[in-house]
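**Student:** I am sharing input.cif, which consists of mmCIF, C-alpha atoms:
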data_model
loop_
_atom_site.label_atom_id
_atom_site.label_comp_id
_atom_site.auth_asym_id
_atom_site.auth_seq_id
_atom_site.Cartn_x
_atom_site.Cartn_y
_atom_site.Cartn_z
CA MET E 157 -6.34 1.50 -17.81
CA LYS E 158 -5.45 -2.18 -18.03
CA ARG E 159 -5.48 -2.03 -21.84
CA VAL E 160 -3.13 0.96 -21.82
CA CYS E 161 -0.80 -0.91 -19.48
CA TYR E 162 -0.77 -4.02 -21.69
CA SER E 163 -0.19 -1.93 -24.83
CA LEU E 164 2.68 -0.15 -23.11
CA LEU E 165 4.14 -3.49 -22.02
CA ALA E 166 3.84 -4.92 -25.53
CA ALA E 167 5.45 -1.84 -27.06
CA THR E 168 8.28 -1.96 -24.53
CA SER E 169 8.81 -5.67 -25.18
CA LEU E 170 8.93 -5.09 -28.91
CA ALA E 171 11.39 -2.25 -28.50
CA PHE E 172 13.49 -4.43 -26.22
CA LEU E 173 13.49 -7.37 -28.63
CA ALA E 174 14.24 -5.12 -31.59
CA GLY E 175 17.37 -4.02 -29.80
CA CYS E 176 18.61 -7.60 -29.41
CA ASN E 177 20.87 -9.43 -31.79
CA SER E 178 19.15 -12.76 -32.15
CA VAL E 179 19.93 -14.90 -35.17
CA ASN E 180 17.55 -16.21 -37.80
CA THR E 181 18.63 -19.52 -39.31
CA VAL E 182 17.68 -21.77 -42.21
CA GLU E 183 18.74 -25.38 -42.57
CA PRO E 184 17.46 -28.57 -44.25
CA ALA E 185 14.27 -29.95 -42.73
CA SER E 186 15.68 -33.47 -43.07
CA PRO E 187 19.44 -33.28 -42.43
CA LYS E 188 21.50 -35.97 -44.16
CA ALA E 189 24.21 -35.94 -41.53
CA GLU E 190 24.13 -38.78 -39.04
CA PRO E 191 26.00 -37.62 -35.96
CA ASN E 192 27.20 -40.04 -33.33
CA LEU E 193 25.53 -38.36 -30.36
CA ILE E 194 26.74 -39.66 -27.03
CA ALA E 195 25.16 -39.64 -23.59
CA ILE E 196 26.47 -36.77 -21.50
CA LYS E 197 26.58 -35.81 -17.84
CA LYS E 198 26.23 -32.10 -17.08
CA VAL E 199 27.14 -30.33 -13.86
CA ASP E 200 25.74 -26.78 -13.86
CA THR E 201 27.16 -24.67 -11.05
CA ASP E 202 26.30 -21.40 -12.84
CA PRO E 203 22.62 -21.55 -13.85
CA ALA E 204 22.79 -18.19 -15.64
CA LEU E 205 25.61 -19.44 -17.85
CA ALA E 206 23.79 -22.72 -18.42
CA ARG E 207 20.98 -20.72 -19.99
CA LYS E 208 23.26 -18.46 -22.03
CA VAL E 209 25.39 -21.34 -23.29
CA THR E 210 23.20 -24.42 -23.16
CA VAL E 211 24.81 -27.68 -24.21
CA LEU E 212 22.43 -29.40 -26.63
CA ASP E 213 24.37 -32.46 -27.73
CA VAL E 214 27.83 -33.93 -28.14
CA ASN E 215 28.95 -35.60 -31.33
CA GLU E 216 31.95 -37.87 -30.94
CA GLY E 217 33.99 -39.28 -33.79
CA GLN E 218 37.47 -40.26 -34.93
CA ARG E 219 39.89 -38.48 -37.23
CA GLY E 220 42.46 -41.13 -38.00
CA ASP E 221 43.36 -42.53 -34.59
CA LEU E 222 42.43 -39.36 -32.74
CA MET E 223 39.17 -38.72 -30.91
CA PHE E 224 37.22 -35.76 -32.24
CA VAL E 225 34.48 -34.00 -30.30
CA GLN E 226 31.90 -31.48 -31.40
CA VAL E 227 29.68 -29.92 -28.75
CA GLN E 228 26.61 -28.04 -29.91
CA VAL E 229 25.64 -25.13 -27.66
CA GLU E 230 22.76 -22.71 -27.89
CA ASN E 231 22.23 -19.26 -26.45
CA GLN E 232 18.70 -19.29 -25.10
CA ASN E 233 18.79 -15.55 -24.46
CA TYR E 234 18.12 -12.90 -27.07
CA GLY E 235 21.32 -10.95 -26.55
CA PRO E 236 24.91 -11.87 -27.52
CA GLU E 237 27.08 -13.54 -24.90
CA ASP E 238 30.80 -13.87 -24.34
CA PHE E 239 32.10 -16.95 -22.62
CA ASN E 240 35.26 -18.97 -22.20
CA TYR E 241 35.69 -22.69 -22.62
CA GLN E 242 38.32 -25.36 -22.22
CA PHE E 243 38.59 -28.95 -23.39
CA THR E 244 40.61 -31.31 -21.24
CA TRP E 245 41.50 -34.84 -22.30
CA ILE E 246 41.75 -38.05 -20.31
CA GLU E 247 43.74 -41.13 -21.27
CA ALA E 248 42.64 -44.73 -20.78
CA ASP E 249 44.34 -44.97 -17.38
CA GLY E 250 42.35 -42.00 -16.11
CA PHE E 251 45.15 -39.47 -16.19
CA GLU E 252 44.57 -36.06 -17.70
CA VAL E 253 46.82 -35.10 -20.61
CA GLN E 254 49.32 -32.51 -19.37
CA SER E 255 51.20 -31.73 -22.55
CA PRO E 256 50.28 -29.77 -24.55
CA PRO E 257 48.48 -27.90 -21.76
CA ALA E 258 44.73 -27.42 -21.97
CA LEU E 259 43.94 -23.90 -23.15
CA TRP E 260 41.11 -21.62 -22.21
CA LYS E 261 39.57 -20.16 -25.34
CA SER E 262 37.19 -17.28 -25.83
CA GLY E 263 33.78 -17.96 -27.31
CA PHE E 264 31.08 -15.65 -28.59
CA ILE E 265 27.50 -16.55 -29.30
CA LEU E 266 24.72 -14.36 -30.66
CA GLY E 267 21.19 -14.35 -29.34
CA ARG E 268 19.36 -17.65 -29.96
CA GLU E 269 22.34 -18.85 -31.97
CA LYS E 270 23.60 -22.45 -32.03
CA VAL E 271 27.33 -22.95 -32.46
CA TYR E 272 29.70 -25.90 -32.36
CA LEU E 273 32.69 -26.07 -30.05
CA THR E 274 35.10 -28.56 -31.54
CA SER E 275 38.37 -30.08 -30.49
CA ILE E 276 40.57 -32.99 -31.46
CA ALA E 277 42.39 -35.14 -28.92
CA PRO E 278 46.10 -34.42 -28.54
CA ASN E 279 47.14 -38.08 -28.79
CA PRO E 280 45.70 -41.51 -29.71
CA ARG E 281 45.67 -42.69 -26.06
CA VAL E 282 42.82 -40.30 -25.21
CA VAL E 283 39.48 -41.97 -24.51
CA ASP E 284 37.47 -39.28 -22.69
CA PHE E 285 37.09 -35.53 -22.61
CA ARG E 286 35.70 -32.83 -20.37
CA LEU E 287 34.41 -29.44 -21.51
CA LYS E 288 34.45 -26.57 -19.05
CA LEU E 289 32.38 -23.45 -19.67
CA LEU E 290 32.93 -20.18 -17.85
CA ALA E 291 31.00 -16.91 -18.02
CA ARG E 292 33.36 -14.18 -19.11
CA GLU E 293 31.88 -11.76 -16.60
CA THR E 294 32.85 -14.02 -13.72
CA TYR E 295 36.47 -13.01 -13.86
CA ASN E 296 36.10 -9.47 -15.14
CA ALA E 297 33.44 -8.46 -12.64
CA THR E 298 35.35 -9.68 -9.64
CA VAL E 299 39.03 -9.31 -10.35
CA GLY E 300 39.58 -7.69 -13.74
CA GLN E 301 39.78 -3.98 -14.37
CA GLY E 302 36.59 -2.16 -13.62
CA THR E 303 33.82 -3.36 -11.41
CA ARG E 304 31.19 -4.10 -13.99
CA PRO E 305 31.17 -6.80 -16.66
CA ARG E 306 32.63 -5.68 -19.95
CA ARG E 307 31.66 -6.60 -23.45
CA GLY E 308 34.42 -8.11 -25.53
CA TYR E 309 37.99 -7.26 -24.65
CA MET N 275 13.00 -14.80 15.06
CA LYS N 276 12.04 -15.09 11.39
CA THR N 277 13.14 -11.52 10.75
CA ARG N 278 16.46 -12.19 12.41
CA LEU N 279 16.97 -15.29 10.30
CA ALA N 280 16.14 -13.36 7.14
CA LEU N 281 18.59 -10.60 8.09
CA LEU N 282 21.25 -13.16 8.88
CA SER N 283 20.71 -14.83 5.52
CA LEU N 284 20.96 -11.46 3.77
CA ALA N 285 24.18 -10.69 5.59
CA ALA N 286 25.58 -14.07 4.61
CA LEU N 287 24.88 -13.54 0.90
CA PRO N 288 27.80 -11.19 0.18
CA VAL N 289 30.10 -13.53 2.06
CA ILE N 290 28.90 -16.46 -0.04
CA PHE N 291 29.23 -14.56 -3.30
CA SER N 292 32.60 -13.09 -2.42
CA GLY N 293 33.72 -16.70 -2.22
CA CYS N 294 33.18 -16.86 -5.96
CA ALA N 295 35.68 -14.09 -6.60
CA SER N 296 39.28 -14.84 -7.32
CA SER N 297 41.76 -13.52 -4.82
CA GLY N 298 44.10 -10.60 -5.33
CA THR N 299 43.83 -7.26 -7.05
CA PRO N 300 45.54 -6.98 -10.42
CA GLY N 301 48.16 -4.32 -10.82
CA ARG N 302 49.04 -4.03 -7.13
CA ASP N 303 50.69 -7.09 -5.67
CA ALA N 304 52.51 -9.41 -8.02
CA ARG N 305 51.00 -12.85 -8.23
CA TYR N 306 51.15 -15.90 -10.45
CA VAL N 307 48.44 -16.45 -13.01
CA ASP N 308 47.85 -19.44 -15.22
CA SER N 309 49.66 -18.83 -18.53
CA GLU N 310 46.94 -20.77 -20.31
CA GLY N 311 44.12 -19.25 -18.26
CA THR N 312 41.79 -16.30 -18.63
CA GLN N 313 43.57 -13.93 -16.26
CA THR N 314 46.41 -12.91 -18.56
CA ILE N 315 46.82 -9.37 -19.88
CA VAL N 316 45.24 -8.43 -23.19
CA SER N 317 47.28 -5.82 -25.08
CA LEU N 318 46.34 -3.85 -28.13
CA ASP N 319 49.95 -3.25 -29.13
CA LYS N 320 51.48 -6.71 -29.01
CA ILE N 321 50.89 -10.41 -29.52
CA ASN N 322 50.17 -11.72 -26.04
CA ILE N 323 51.15 -15.12 -24.70
CA GLN N 324 47.57 -16.36 -25.04
CA ASP N 325 47.53 -15.23 -28.68
CA TRP N 326 50.54 -17.41 -29.48
CA SER N 327 49.01 -20.34 -27.62
CA ASN N 328 45.66 -19.89 -29.31
CA ALA N 329 47.11 -19.55 -32.79
CA ALA N 330 49.35 -22.58 -32.33
CA ASP N 331 46.49 -24.64 -30.92
CA GLN N 332 44.18 -23.74 -33.80
CA MET N 333 46.89 -24.59 -36.33
CA VAL N 334 47.61 -27.95 -34.71
CA GLN N 335 43.90 -28.80 -34.54
CA SER N 336 43.54 -27.92 -38.21
CA MET N 337 46.58 -29.97 -39.18
CA LEU N 338 45.51 -33.03 -37.20
CA LEU N 339 41.95 -32.81 -38.52
CA SER N 340 43.17 -32.65 -42.11
CA GLY N 341 44.77 -36.09 -41.80
CA VAL N 342 47.78 -35.13 -43.95
CA LEU N 343 50.26 -36.26 -41.31
CA ASP N 344 48.93 -39.83 -41.58
CA ARG N 345 49.85 -39.92 -45.27
CA ALA N 346 53.62 -39.94 -44.67
CA PRO N 347 55.14 -43.30 -45.69
CA THR N 348 57.08 -43.59 -42.42
CA GLN N 349 55.50 -42.77 -39.10
CA PRO N 350 56.20 -40.53 -37.34
CA ALA N 351 56.94 -38.19 -40.22
CA VAL N 352 60.07 -36.03 -40.10
CA LEU N 353 59.33 -32.31 -39.99
CA GLY N 354 61.74 -29.51 -40.84
CA ILE N 355 61.07 -25.97 -39.74
CA GLY N 356 61.33 -23.49 -42.58
CA ARG N 357 61.15 -19.73 -42.55
CA ILE N 358 58.37 -17.96 -40.64
CA THR N 359 58.43 -14.37 -41.89
CA ASN N 360 57.47 -11.68 -39.42
CA LYS N 361 55.67 -8.81 -41.15
CA THR N 362 54.23 -7.32 -37.97
CA THR N 363 55.46 -4.09 -36.40
CA GLN N 364 56.84 -6.05 -33.47
CA GLN N 365 60.11 -7.81 -33.12
CA VAL N 366 59.03 -11.31 -32.14
CA ASP N 367 60.63 -14.70 -31.86
CA THR N 368 58.54 -16.98 -34.05
CA ASP N 369 59.54 -19.91 -31.85
CA TYR N 370 56.63 -18.80 -29.66
CA LEU N 371 54.48 -20.23 -32.43
CA THR N 372 56.58 -22.99 -33.94
CA LYS N 373 57.73 -24.55 -30.69
CA LYS N 374 54.17 -24.91 -29.45
CA ILE N 375 53.20 -26.53 -32.75
CA ARG N 376 56.21 -28.83 -32.62
CA VAL N 377 55.45 -29.90 -29.06
CA ALA N 378 51.81 -30.65 -29.85
CA LEU N 379 52.63 -32.57 -33.03
CA ASN N 380 55.36 -34.49 -31.23
CA GLN N 381 52.96 -35.40 -28.41
CA SER N 382 50.44 -36.60 -30.99
CA GLY N 383 53.00 -39.21 -32.07
CA LYS N 384 52.59 -38.24 -35.72
CA VAL N 385 55.64 -36.03 -36.20
CA VAL N 386 59.24 -35.72 -35.07
CA THR N 387 61.19 -32.55 -35.81
CA THR N 388 64.75 -32.65 -37.03
CA THR N 389 67.11 -30.49 -34.99
CA THR N 390 70.23 -31.35 -36.99
CA TYR N 391 69.06 -30.10 -40.35
CA GLY N 392 67.64 -26.66 -41.00
CA LEU N 393 67.34 -23.70 -43.26
CA GLY N 394 70.67 -22.68 -44.84
CA ASN N 395 72.41 -25.75 -43.38
CA TYR N 396 71.79 -24.33 -39.91
CA ALA N 397 71.41 -26.99 -37.26
CA GLU N 398 69.25 -26.06 -34.31
CA ASP N 399 71.29 -28.46 -32.20
CA GLU N 400 74.85 -28.23 -33.49
CA LEU N 401 76.18 -30.68 -30.87
CA ALA N 402 73.70 -33.33 -32.02
CA ARG N 403 74.73 -32.82 -35.64
CA GLN N 404 78.45 -33.12 -34.85
CA THR N 405 77.86 -36.19 -32.67
CA MET N 406 75.84 -37.81 -35.44
CA GLU N 407 78.65 -37.17 -37.95
CA ILE N 408 81.29 -38.61 -35.62
CA GLN N 409 79.17 -41.70 -34.98
CA LYS N 410 78.68 -42.21 -38.71
CA PHE N 411 82.40 -41.81 -39.37
CA GLU N 412 83.35 -44.26 -36.61
CA ASN N 413 80.76 -46.80 -37.73
CA ASN N 414 81.67 -46.33 -41.37
CA ASP N 415 78.04 -45.48 -41.96
CA THR N 416 77.48 -43.90 -45.37
CA SER N 417 73.73 -43.44 -45.07
CA THR N 418 72.32 -39.94 -45.14
CA GLN N 419 70.51 -38.49 -42.18
CA PRO N 420 66.69 -38.63 -42.34
CA LEU N 421 65.57 -35.65 -44.35
CA PRO N 422 62.30 -33.88 -43.59
CA PHE N 423 59.27 -35.35 -45.32
CA PHE N 424 57.34 -32.18 -44.42
CA THR N 425 58.49 -28.59 -43.93
CA LEU N 426 56.61 -25.86 -42.13
CA SER N 427 56.74 -22.27 -43.34
CA GLY N 428 54.59 -19.22 -42.88
CA LYS N 429 54.08 -15.56 -42.27
CA LEU N 430 52.83 -13.28 -39.48
CA LEU N 431 50.84 -10.22 -40.51
CA GLU N 432 49.33 -7.30 -38.68
CA ASP N 433 46.39 -5.06 -39.51
CA ARG N 434 45.33 -2.00 -37.54
CA ALA N 435 42.15 0.03 -37.65
CA SER N 436 40.46 2.54 -35.42
CA ALA N 437 37.09 4.18 -35.07
CA GLY N 438 36.94 7.12 -32.70
CA LYS N 439 38.74 6.11 -29.54
CA THR N 440 38.39 2.39 -30.25
CA ASN N 441 41.42 0.65 -31.66
CA GLN N 442 41.51 -2.72 -33.34
CA VAL N 443 44.45 -4.93 -34.17
CA THR N 444 44.34 -8.19 -36.10
CA TYR N 445 47.26 -10.57 -36.10
CA THR N 446 47.16 -13.05 -38.96
CA PHE N 447 49.03 -16.32 -38.73
CA GLN N 448 49.60 -18.10 -42.04
CA LEU N 449 51.20 -21.51 -42.22
CA SER N 450 51.92 -24.02 -44.98
CA LEU N 451 53.00 -27.62 -44.68
CA THR N 452 54.93 -28.70 -47.75
CA GLN N 453 55.59 -32.28 -48.78
CA THR N 454 59.24 -32.23 -49.76
CA ASN N 455 59.21 -35.09 -52.29
CA ASN N 456 56.98 -33.09 -54.64
CA GLY N 457 57.13 -29.55 -53.29
CA LEU N 458 53.38 -29.30 -52.86
CA ALA N 459 51.72 -27.56 -49.95
CA VAL N 460 49.54 -30.38 -48.64
CA TRP N 461 48.07 -28.35 -45.82
CA GLU N 462 47.62 -24.61 -45.42
CA ASP N 463 45.69 -22.51 -42.99
CA GLU N 464 45.25 -18.96 -41.82
CA LYS N 465 44.06 -17.86 -38.39
CA ASN N 466 43.18 -14.35 -37.33
CA ILE N 467 43.25 -13.02 -33.81
CA THR N 468 41.47 -9.69 -33.47
CA LYS N 469 41.54 -7.50 -30.38
CA GLN N 470 39.49 -4.35 -29.96
CA GLY N 471 39.32 -1.72 -27.25
CA GLN N 472 40.58 1.58 -25.93
CA ARG N 473 43.19 0.30 -23.52
CA ASN N 474 44.92 -2.87 -22.41
CA ALA N 475 43.06 -5.02 -19.89
CA VAL N 476 43.67 -7.66 -17.28
CA GLY N 477 41.72 -10.83 -17.99
CA TRP N 478 39.49 -11.81 -20.86
#
I need this file expressed as structure tokens, please.

**Tutor:**
Amino acid sequence: MKRVCYSLLAATSLAFLAGCNSVNTVEPASPKAEPNLIAIKKVDTDPALARKVTVLDVNEGQRGDLMFVQVQVENQNYGPEDFNYQFTWIEADGFEVQSPPALWKSGFILGREKVYLTSIAPNPRVVDFRLKLLARETYNATVGQGTRPRRGY
Amino acid sequence: MKTRLALLSLAALPVIFSGCASSGTPGRDARYVDSEGTQTIVSLDKINIQDWSNAADQMVQSMLLSGVLDRAPTQPAVLGIGRITNKTTQQVDTDYLTKKIRVALNQSGKVVTTTTYGLGNYAEDELARQTMEIQKFENNDTSTQPLPFFTLSGKLLEDRASAGKTNQVTYTFQLSLTQTNNGLAVWEDEKNITKQGQRNAVGW
């Protein structure tokens, strides 16, 4: 009986995984790139989102006199996820840049995929940044049309 | 006692989680939403405000990353706005795109836009042009006004497709930055914004 149960479980798991859209990747075993990875501080108020869009590392550089940031995120689930994100920028005196306004952008990440979220500072006075991540369902499920989370638009 | 506590905790849960929800019900009472936020309306038949913002932001990011603006001999470089051709089915004011780009480039300190010199001798700010001419005449100044080192031109395109009841629209934003002293496009980019669904929606 136990064996039948385990077989059934394995078959169900396989069927479940087969239905997911996880990504297979290939990349050099010894990458030549030498990113400037910086120490980061994370505040996770949505643990489910933190698993779907996990921040792996932050690469910080300069493009001319402008700060350039590349955040690598990974979806640790096997299904695709929609999310929104926003970069905000802080100048040396601690004030947040108001113009141009910080935009929320839509992001999409496949199962087990790693993607980069990049942004360049709006002016040379910027010294720090903050990345905000928001589950797309959060808004749609509570306020948007319909009562259940939607996929895509 | 324990059962009561457990029940109380269960009763408190919806209250706690409802605190996560935003207030208001869309479509009933009018309310303000953040123009740059995620609560704006997504339409399948028009370029929404967030589409303009997103396209402009992506273009500015691309332009700043390319480093071409740093190559101008005088900083900040003078930018002239050329023709942005609208090939979509909508009647749109392309300033929704170009103004956002101008603002962002101006804030970056790398570009200033001329408002006294434009396509077909059209001055965006006619009063400024006339004032400048009067000042030059009174000061016996024979120098020419600063001409654009770069010009920005482009095109808006639209593509529609449907499968069953699902509709899809793609708006394509194409821009070129031309260096005027040699007529070469030193930066070009194209950004697509694709929306898919059966009906318009509140929030994204």

**Student:** With a distance threshold of 6 Å and counting all atoms listed in the file, extract the residues of chain N near chain E and express them as a list of chain:residue names.

**Tutor:**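 Written out as asked, the residues are N:Ala295, N:Glu310, N:Gly311, N:Ala378, N:Ser382, N:Val476, N:Gly477.
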
**Student:** Could you check how far atom CA of E:Phe285 sits from atom CA of N:Leu353, in Å to one decimal?

**Tutor:** 28.4 Å

**Student:** Go through E:Gly267, E:Asp284, E:Asn192, E:Asn215 one by one, measure the shortest atom-to-atom distance of each to E:Ala248 using only C-alpha atoms, and give the residue with the smallest value.

**Tutor:**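 Nearest to E:Ala248: E:Asp284.
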
**Student:** When you draw a straight line from atom CA of N:Lys469 to atom CA of N:Lys439, how long is it in Å?

**Tutor:**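 According to the coordinates, atom CA of N:Lys469 and atom CA of N:Lys439 are separated by 13.9 Å.
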
**Student:** Name the residues captured by the PyMOL selection byres ((chain N and resi 337) around 10) when it is applied to the shown file; answer as a PyMOL selection string.

**Tutor:** chain N and resi 331-336+338-343+375+379+450-451+460-463

**Student:** Mind pulling up the distance from atom CA of E:Leu289 to atom CA of E:Leu205?

**Tutor:**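 Atom CA of E:Leu289 lies 8.1 Å from atom CA of E:Leu205.
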
**Student:** Extract, using all atoms listed in the file, all DNA, RNA and protein residues at most 9 Å from N:Phe424, discarding same-chain residues fewer than 6 positions from it, and format them as a list of chain:residue names.

**Tutor:**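 That gives N:Leu343, N:Ala346, N:Ala351, N:Val352, N:Leu353, N:Gly354, N:Ile355, N:Leu451, N:Thr452, N:Gln453, N:Thr454, N:Asn455.
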
**Student:** Please determine, counting only C-alpha atoms, which residue among N:Val366, N:Thr314, N:Arg434, N:Thr425 has the shortest atom-to-atom distance to N:Gln470.

**Tutor:** N:Arg434

**Student:** Which residue, E:Leu287, E:Asp202, E:Glu269, E:Gly263, has the smallest gap to E:Asn180 when you use all atoms listed in the file?

**Tutor:** E:Glu269

**Student:** Let me make sure I understand: among N:Tyr391, N:Trp478, N:Tyr445, N:Tyr396, which one has the smallest atom-to-atom distance to N:Asn360 if we use only C-alpha atoms?

**Tutor:**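 The answer is N:Tyr445, which sits nearest to N:Asn360.
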
**Student:** Could you expand the PyMOL selection byres ((chain E and resi 211) around 7) into the explicit residues it covers here, written as a PyMOL selection string?

**Tutor:** chain E and resi 209-210+212-213+228-230

**Student:** Output C-alpha atoms for every residue in that selection, as a PDB file, keeping the file's coordinate frame.

**Tutor:**
ATOM      1  CA  VAL E 209      25.390 -21.340 -23.290  1.00  0.00           C
ATOM      2  CA  THR E 210      23.200 -24.420 -23.160  1.00  0.00           C
ATOM      3  CA  LEU E 212      22.430 -29.400 -26.630  1.00  0.00           C
ATOM      4  CA  ASP E 213      24.370 -32.460 -27.730  1.00  0.00           C
ATOM      5  CA  GLN E 228      26.610 -28.040 -29.910  1.00  0.00           C
ATOM      6  CA  VAL E 229      25.640 -25.130 -27.660  1.00  0.00           C
ATOM      7  CA  GLU E 230      22.760 -22.710 -27.890  1.00  0.00           C
TER       8      GLU E 230
END

**Student:** Going by the chain IDs and residue numbers used in this file, which residues fall under the PyMOL selection byres ((chain E and resi 237) around 7)? Write them as a short mmCIF file (atom, residue, chain, number, x, y, z; two decimals) with C-alpha atoms, in the frame of the given file.

**Tutor:**
data_model
loop_
_atom_site.label_atom_id
_atom_site.label_comp_id
_atom_site.auth_asym_id
_atom_site.auth_seq_id
_atom_site.Cartn_x
_atom_site.Cartn_y
_atom_site.Cartn_z
CA LYS E 208 23.26 -18.46 -22.03
CA GLY E 235 21.32 -10.95 -26.55
CA PRO E 236 24.91 -11.87 -27.52
CA ASP E 238 30.80 -13.87 -24.34
CA PHE E 239 32.10 -16.95 -22.62
CA PHE E 264 31.08 -15.65 -28.59
CA ILE E 265 27.50 -16.55 -29.30
CA LEU E 266 24.72 -14.36 -30.66
#

**Student:** Around stretch 221-237 of chain E, with edges along x, y and z and 8 Å added on all six sides, what centre and edge lengths do you get, in Å to one decimal, as JSON?

**Tutor:**
{"center_x": 30.7, "center_y": -26.7, "center_z": -29.5, "size_x": 41.2, "size_y": 47.6, "size_z": 26.1}
